[in-house]
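Worksheet: the structure to be examined is printed underneath.
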Amino acid sequence: MEPQWSSASYPQSPSVIVLLVATFYTWFLPVTSPQRILIDPQAAPEYAHSIRLDGDIILGGLFPVHSRGDRGTPCGELKKEKGIHRLEAMMFAIDLINKDPELLPNITLGARILDTCSRDTYALEQSLTFVQALIERDGSDVRCANGDPPIFTKPDKIVGVIGAAASSVSIMVANILRLFKIPQISYASTAPELSDNTRYDFFSRVVPPDSYQAQAMMDIVTAMEWNYVSTLASEGNYGESGVEAFIQISRETGGVCIAQSLKIPREPRPGEFDKIIRRLLETSNARAIIMFANEDDIRRVLDAAKRNNQTGHFLWVGSDSWGSKISPVIGQERVAEGAITILPKRASVDAFDRYFRSRSLSNNRRNVWFAEFWEENFNCKLGMHGKRPGSLKKCTGLEKVGRDSSYEQEGKVQFVMDAVYAMAHALHRMHRELCYGYAGLCPRMANNIDGKELLSHIRAVSFNGSAGTPVVFNENGDAPGRYDIFQYQITNKSIAEYRVIGSWTNKLHLKVEAMQWRTGDPSLPASICSIPCRAGERKKVVKGVPCCWHCERCEGYHFQASEFTCELCPYEMRPDINRTGCVPIPIIKLEWHSPWAIIPVFISMLGIIATSFVIVTFVRYNDTPIVRASGREMSYVLLTGIFLCYAITFLMIATPDVGVCSFRRIFLGLGMCFSYAALLTKTNRIHRIFEQGKKSVTAPRFISPASQLVITFSLISVQLLGVFVWFAVDPPHTVVDYGEQRTQDPLAARGVLKCDISDLSLICSLGYSILLMVTCTVYAIKTRGVPETFNEAKPIGFTMYTTCIIWLAFIPIFFGTSQSAERMYIQTTTLTISLSLSASVSLGMLYMPKVYIILFHPEQNVPKRKRSFKAIVTAATMSGKLSQKGDRPNGEVKTELCESMETNIQEHVARGTRKNVTVN
């Protein structure tokens with residue numbers, strides 16, 4: 001019959017207790033026999049596999065004294081450092097606390113230390129020992145053979161537990177301890193899962209969680225400028241949680257991509273590690289390997305890399321399970337060279353070294369595993385009952401630790417002592433609060449120490465630990481993250497050792513100059529998927545792998561706006577030579593030294609000189625017959641227009657500003673307007689005279705010089721009025737045209753500084769002058785039959801025909817080059833040369849013959865006989881009649897007309913008529 005159980009802290013209902021025990025079996029002990037939890041001293045030795053130290057307050061301890069056993073056996077070989085060193089550290093710390101008059105005075109600490117055998121299920125069975133005192137037994141239905149009631153041994157009442165080491169063990173044990181409100185402080189469990197205060201609310205630890213370690217490793221990877229790494233984890237809470245924390249941080253930061261995330265099975269099959277190496281080589285660019293693995297797996301991974309000739313390829317980044325341990329790298333120093341490892345910041349406790357070196361078989365009988373340690377440490381056998389039957393050497397008992405064997409303090413000794421001291425400080429604070437002024441334990445603490453209250457004091461402790469570093473806990477029971485960064489280096493003397501290259505306390509402090517790599521190259525080795533893009537190239541990320549990309553150059557007027565994007569420069573800017581930014585597009589204008597300007601300027605200067613020469617000649621010979629016969633007033637107006645046509649070239653080439661643009665608007669069409677207004681007035685006058693002569697002998701109106709000037713300036717005023725309206729509607733200003741020379745190659749792009757005169761405005765400005773020119777041409781055609789003896793209609797006609805040809809050629813050239821990159825030069829040159837040619841035609845055909853006669857044939861510069869209007873009428877009438885005779889050659893008609901006119905003129909002169917009309 002199974003005994004019934006009840007809990008002192010739960011309702012005394014048997015059904016509740018049975019349900020609780022059943023829950024234990026169902027949740028935690030699916031393969032464990034119930035008889036293991038029965039407290040029967042005669043069934044098995046109670047303390048055969050545990051250490052018990054008496055005291056007023058008993059602390060539990062969980063240590064991996066033995067490794068995990070082979071299949072079928074819970075425990076394996078003894079762990080000298082991780083097991084014996086650590087449990088001795090707990091007993092040493094308890095000794096120190098019991099001797100300390102300031103900490104828990106008049107109160108002694110005891111201990112119940114158990115072996116977890118590095119197995120979570122076995123540790124769970126062992127940890128049930130810690131909750132025995134909280135369960136009351138009902139022995140009413142149990143009787144001894146003689147009928148007497150049974151006698152149960154009173155179990156120790158555990159107030160807190162130190163341990164465990166492995167995270168998987170701590171997770172399993174924490175599930176039971178929290179049900180009975182027993183605080184737990186671990187010295188080595190670093191799984192991030194244990195930071196969950198809702199599930200593991202009674203769990204604390206003096207080592208930082210792997211979430212800090214993962215952040216530190218991420219900072220190392222970032223500092224090394226690696227963005228493409230693989231992860232390798234041992235199956236279990238430690239490895240899987242550590243890698244998961246690293247991957248989560250990589251997702252949050254976004255700077256590191258995981259090429260592969262591999263797992264090492266708990267029971268690896270033959271060839272498993274070679275397979276892992278081959279899989280890692282599938283992403284050969286991911287040279288950095290982030291490892292959260294136990295030391296045995298680390299050693300086997302390095303060995304597999306060595307077998308596969310990958311020495312120097314992988315860049316190992318190991319967690320604290322690698323740390324600065326020698327065992328993983330023995331015999332494979334070359335393949336481990338350059339490995340970066342991390343270890344919680346710690347220091348050797350000198351007092352513990354002195355204590356442990358003084359331990360012997362005679363003074364350390366409280367450690368039930370010390371004899372086994374002695375045999376293992378000194379490689380000898382203790383008597384006929386020794387556990388090393390194959391050993392030839394017999395232990396003398398006089399061996400000395402550190403003298404007859406190597407000794408190095410295990411790395412977690414400091415944290416074991418800090419965990420014990422943290423529990424002691426919490427009990428001390430609780431004692432001061434509940435038993436103030438009371439020597440020893442007061443009833444409130446002696447009868448029952450409330451675990452929840454003790455937990456609050458644990459979370460509030462703050463003291464300097466055994467190595468001088470502060471011991472504190474956050475709200476989740478985690479210690480702050482403090483790590484040392486190591487690199488495994490081989491010196492020039494071929495000596496391999498771990499060297500400190502930095503530290504991490506909330507942020508990384510790395511001495512890159514102290515790092516050393518196998519290649520001897522001081523530059524950092526690479527672990528990247530794609531090489532960085534050059535300046536002016538954007539990254540085109542491979543879908544699903546943000547650290548792998550193709551580089552694409554920013555084309556055209558685009559620049560590299562960010563790592564992944566190209567953007568278009570503002571319209572007035574272009575990319576710089578590296579395409580990493582935008583620079584202003586250079587602004588140009590037509591320079592005086594340009595070939596496009598030299599030719600028009602040269603033509604204009606010749607024209608201005610020639611025009612000035614004609615004007616000076618006419619002014620000097622102003623009263624000569626040939627000058628008077630040319631119509632002096634209108635000639636000066638026409639010469640002024642010719643001069644302006646030449647002069648506008650200089651305004652068109654000058655640097656644009658408000659003044660230059662204003663003068664361009666005024667004079668661009670004014671020169672042509674002067675010229676063609678004067679010529680139109682002349683041809684119109686001739687046409688009207690001869691048309692009037694055909695009808696009557698009365699002279700037409702407005703043919704006097706004054707009338708001609710009025711008509712001419714009236715025509716010119718229309719041009720000026722249009723210019724002034726243009727000024728009012730759109731005041732002159734300069735613009736920079738970036739589209740005119742916006743070439744395909746941004747380096748050749750230029751902004752053109754010019755006046756704000758559009759092609760439409762230009763046509764409107766020149767349109768009126770062209771209208772005058774066309775009208776003048778029409779009159780020149782109409783007056784082409786007028787006898788050349790009386791007027792200059794034919795030279796005017798030739799002038800207009802030639803001018804029309806020039807401007808007909810100008811239009812396709814000007815507008816046909818509107819899309820050319822040389823538009824500004826071609827159009828300006830075309831316009832100025834067209835104006836100069838028009839002026840040259842007028843100057844050459846109308847005035848150069850007269851100047852030639854004036855200067856070189858003065859004998860021809862004599863007065864002509866004045867003709868009466870009647871003679872003109874007669875000539876016009878006869879010309880009309882003769883023009884209808886189609887059987888005579890033109891020469892005959894002309895001769896007859898001229899002779900008739902001469903006769904009439906002679907008669908007119910003989911009569912001495914005063915009243916006459918001079919035809920020019």
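How things are named: the first chain in the structure tokens is A, the next is B, and so on; residues count from 1 in each chain; ligands count from 1 in the order shown.
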Margin query: Residues near segment 79-86 of chain A, anyone? I mean within 10 Å using only C-alpha atoms, not counting same-chain ones fewer than 4 positions away, as number ranges by chain.
Written below: A: 62-67, 90-92, 115-118, 165, 187, 352-353, 356, 367, 369-370, 372-374, 376-377, 407-417
Checklist line | Counting only C-alpha atoms, the residue of A:Pro731, A:Pro625, A:Pro656, A:Pro584 that sits nearest Val862 of chain A | finding: A:Pro625
Margin query: Taking 4 positions as the minimum chain separation for residues in the same chain, which residues sit within 7 Å of Pro795 of chain A when counting only C-alpha atoms? Answer as a PyMOL selection string.
Written below: chain A and resi 799+845-846
Checklist line | Every residue of segment 390-588 of chain A that DSSP places in strand (DSSP E or B), as JSON, numbers by chain | finding: {"A": [394, 463, 464, 470, 471, 483, 484, 485, 486, 487, 488, 489, 490, 496, 497, 498, 499, 500, 501, 502, 503, 504, 508, 509, 510, 537, 538, 539, 540, 541, 542, 545, 546, 547, 548, 549, 550, 551, 552, 553, 558, 559, 560, 566, 567, 568, 573, 574, 575, 582, 583, 584, 587, 588]}
Checklist line | Neighbour list for segment 241-253 of chain A as a PyMOL selection string, cut-off 12 Å, only C-alpha atoms, skip fewer than 3 positions in-chain | finding: chain A and resi 167-168+189-195+209-222+226-238+256-263+289-294+317-321+545-547
Next item on the list: Would you mind reading off the distance between atom CA of Gly722 of chain A and atom CA of Met652 of chain A, one decimal, in Å?
Entry: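 Distance between the two atoms: 19.8 Å.
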Item checked: Separation of atom CA of Ala371 of chain A from atom CA of Leu53 of chain A, in Å and rounded to one decimal ->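 Distance reported for this atom pair: 17.8 Å.
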Notebook entry, point to check: Which one of A:Ser360, A:Ser327, A:Gln744, A:Gln310 sits closest to Glu295 of chain A if you count only C-alpha atoms?
Noted result: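 Closest to Glu295 of chain A of all the choices is A:Ser327.
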